Amino acid sequence: MKTTAILFAMAGSFAVNAQMKNQQQEIKYPETRKADNKDTYFGTTIADPYRWLEDDRSAETAEWVKAQNKVTFNYLEKIPFRNNIKSRLEKLWNYERVSAPFKEGEYTYYYKNDGLQNQSVLYRKNKSGKEEVFLDPNTFSKDGTTSLGGLSFTKDGSLVAYAISEGGSDWRKIFVLDAKTKKQVGEVITDVKFSGISWKNNEGFYYSSYDKPEGSELSAKTDQHKLYYHKLGTAQKSDKVIFGNTEATKYRYVGGYVTEDQRYLVISAANSTSGNKLFIQDISKPGTNLIALTDNFDSDSSIIDTEGSTLYIATNYNAPNNRIVTADIAKPQQEHWKDLIPETENVLSPSTGAGYIFAEYMQDAISVIKQYDMEGRLIRQVNLPGVGSAGGFGGKKKDKTLYYSFANYVTPGTIYSFNPENGASEVYRRPDIDFNSNAFESKQVFYTSKDGTKIPMIITYKKGTVLNGKNPTILYGYGGFNISLTPSFSIANAVWMENGGIYAVANLRGGGEYGKKWHDAGTKMQKQNVFNDFIAAAEYLIANKYTSSDYLAISGGSNGGLLVGAVMTQRPDLMKVALPSVGVLDMLRYHTFTAGAGWAYDYGTAEDSREMFEYLKGYSPVHNVKKSVAYPATLITTGDHDDRVVPAHSFKFAATLQENQSGNNPVLIRIGVNAGHGAGKSVAQLINEYADVQAFALFNMGLKPKP
């Protein structure tokens, strides 16, 4: 029996390899026109022959996209087991998902998806328990690509404002409904971007946006974000600019919200993704001036709660791992802040609910939750169901029950109810999913990067996996913008592991796992640390025989797409497959597109100095593709409506790779239609994309899914 199984696997492998070679030889890439575009930085001239692909509205770009997709899907559709992966994804995805409930006015609301619905539906129950659909985003568009982009109720729950995103765009439209009748109130608010919605009593709401884009939304200028106030029953053109309308108050990111007691308007203003100024205004007293709590961008601060004249502030000011301080509205500036929950060795992310503060700490990317009263006294450490990620605990002051979710790489997200008075947790909703968590295991390891820094990584796989260097492995990373990768469950990863794959996540510098110092160690002139950390993760997996270069795929999206692009151009020998998704890949021009200039805290720009230009040029994926190099099999993914990391990054990288690739490894680009940066994708879009990515990876490793 054992010999027969081995022979069967080898025969299957030989068949896949033969088909793969034939298919690679058949690829004929579309011809991409080269133009004589050049830029000069500090006396150095840089050619940019594919600049014309930045024009997303041109007929020529549209034809190029169509031609590339034709080649890509012709390749993917010939992979013999692609449909098997898709079928398993559909089956595993097809389970009912219900969110934690929340009360607004007379109703209890919750989101529910029957399994394969493209968008989750917002339901509600009245006091007698009668259920009804409140908002069904699946009716917003025929193809399911228009999604709900946030909503906000008035304090009494009688009105709701909700935003929609069309085709995955970051641009939003806001509608207002009478919550009882579900009838629209007033006109639709358009051209809203990077915005919350916050009501001032029942009179109107605050929202943020940039000036209305002229022409393509992908090329809209985003150098002056403004906070507006819309008074219900008036035209949008008469909306008042509250903040950000002068050169003296010109910021890239402005947000405002009203505190739960409806007394204060809080405004955050920033020019990059790290560091903000914080302002507050007592709107209960007409004519009260806006007060600055902070006067520079050296730290991140936010008001998490208020009680009378007392402000509760979460901040990393003089506390790289964050702390909670209090201030009085009479003297709210930084010099008057008093520690309530001091900084610890672990990073703090707080929430409030039921009159308590819940401090979520990360210990090596694992959640620890501590409950405090509003005087800063420790009530208890919350007993979590296991080792993983917990999130939630937020709510209104009057709430008697709070909710949180718990998940890890082998445990689907389960919702728990929490009694804040006695600390008891009970399962509220456990998903009924066709996945045997007990058959898989996760292991956290610490490996050493190039400069000696210890980096954590969690490796997940089927129990009994033999470490013989032949396991198909996806190594995932991000490493930027203070974002932490904590354990989470993914249907796509579950299918990958069911098929014999290993899934590894490295917590690279540039992220937020160990606070501001960890973040800063992967920014600007230290960005190479991130790539070195990722390379060292791959080398660890290979050295310890989890996999080998022939069976390793590297994956990442957005800033993680940059990570993949940089590592595959620096070490093309290290992996068999590269999967850069919606990546920032042209590091010399990223800041000229949409909101890109706001990322300069992490990256710097090519215009800052000669030194910064040379550093960026040294790792920019588009500029480091070399002739006659055998790059790994590459599947680039992007969306035609991505107005955050514009698809031109991926277009130019694909064209450059296709021009210079040596050997038979394919270089393909999969361009999603009516798809954006990621959020809001329909279930159908997600399933198709995951099936394509996994089939591409296994096929180019010469493997097929294990039975």
# chains A, B, ... in the order shown; residues from 1 in each chain; ligands from 1

call {"tool": "residues_around", "arguments": {"residues": "segment 386-392 of chain A", "least_positions_apart": "3", "cutoff": "12 Å", "atoms": "only C-alpha atoms", "output": "PyMOL selection string"}}
result
chain A and resi 99-102+349-353+357-370+382-383+395+401-418+441-444+458+484-489

call {"tool": "residues_around", "arguments": {"residues": "Gln333 of chain A", "least_positions_apart": "6", "cutoff": "8 Å", "atoms": "only C-alpha atoms", "output": "number ranges by chain"}}
result
A: 292-294, 327

call {"tool": "closest_residue", "arguments": {"among": "A:Glu187, A:Glu26, A:Lys524, A:Ala163", "to": "Phe613 of chain A", "atoms": "only C-alpha atoms"}}
result
A:Lys524

call {"tool": "closest_residue", "arguments": {"among": "A:Glu90, A:Asp533, A:Glu307, A:Glu426", "to": "Gly479 of chain A", "atoms": "only C-alpha atoms"}}
result
A:Asp533

call {"tool": "residues_around", "arguments": {"residues": "Ser620 of chain A", "least_positions_apart": "4", "cutoff": "8 Å", "atoms": "only C-alpha atoms", "output": "ChimeraX atom specification"}}
result
/A:566,585-588,616,624

call {"tool": "residues_around", "arguments": {"residues": "Gln119 of chain A", "least_positions_apart": "3", "cutoff": "7 Å", "atoms": "only C-alpha atoms", "output": "list in words"}}
result
Pro137, Asn138, Gly144, Ser147, Ser682 and Val683 of chain A

call {"tool": "residues_around", "arguments": {"residues": "Asn74 of chain A", "least_positions_apart": "5", "cutoff": "10 Å", "atoms": "only C-alpha atoms", "output": "VMD selection string"}}
result
chain A and resid 23 27 68 to 69 79

call {"tool": "residues_around", "arguments": {"residues": "Tyr109 of chain A", "least_positions_apart": "6", "cutoff": "7 Å", "atoms": "only C-alpha atoms", "output": "list in words"}}
result
Pro101, Phe102, Lys103, Leu122, Tyr123, Arg124 and Lys125 of chain A

call {"tool": "residues_around", "arguments": {"residues": "segment 285-290 of chain A", "least_positions_apart": "5", "cutoff": "12 Å", "atoms": "only C-alpha atoms", "output": "PyMOL selection string"}}
result
chain A and resi 242-243+262-268+278-280+329+332

call {"tool": "write_last_selection", "arguments": {"atoms": "C-alpha atoms", "output": "CSV table (one decimal), in the first residue's frame"}}
result
chain,number,residue,atom,x,y,z
A,242,ILE,CA,-15.3,72.5,9.7
A,243,PHE,CA,-11.6,71.9,9.5
A,262,GLN,CA,-22.8,64.3,22.4
A,263,ARG,CA,-20.7,67.0,24.1
A,264,TYR,CA,-17.4,67.0,22.2
A,265,LEU,CA,-16.3,67.1,18.6
A,266,VAL,CA,-12.9,65.3,18.4
A,267,ILE,CA,-10.7,66.0,15.3
A,268,SER,CA,-7.6,64.1,14.2
A,278,LEU,CA,-5.5,66.1,18.1
A,279,PHE,CA,-8.2,68.8,18.6
A,280,ILE,CA,-11.4,69.0,20.7
A,329,ILE,CA,-11.0,69.8,29.3
A,332,PRO,CA,-6.1,69.2,27.9

call {"tool": "closest_residue", "arguments": {"among": "A:Arg172, A:Arg429, A:Arg670, A:Lys681", "to": "Leu579 of chain A", "atoms": "only C-alpha atoms"}}
result
A:Arg670

call {"tool": "closest_residue", "arguments": {"among": "A:Thr32, A:Asn544, A:Asn482, A:Ser284", "to": "Trp64 of chain A", "atoms": "only C-alpha atoms"}}
result
A:Thr32
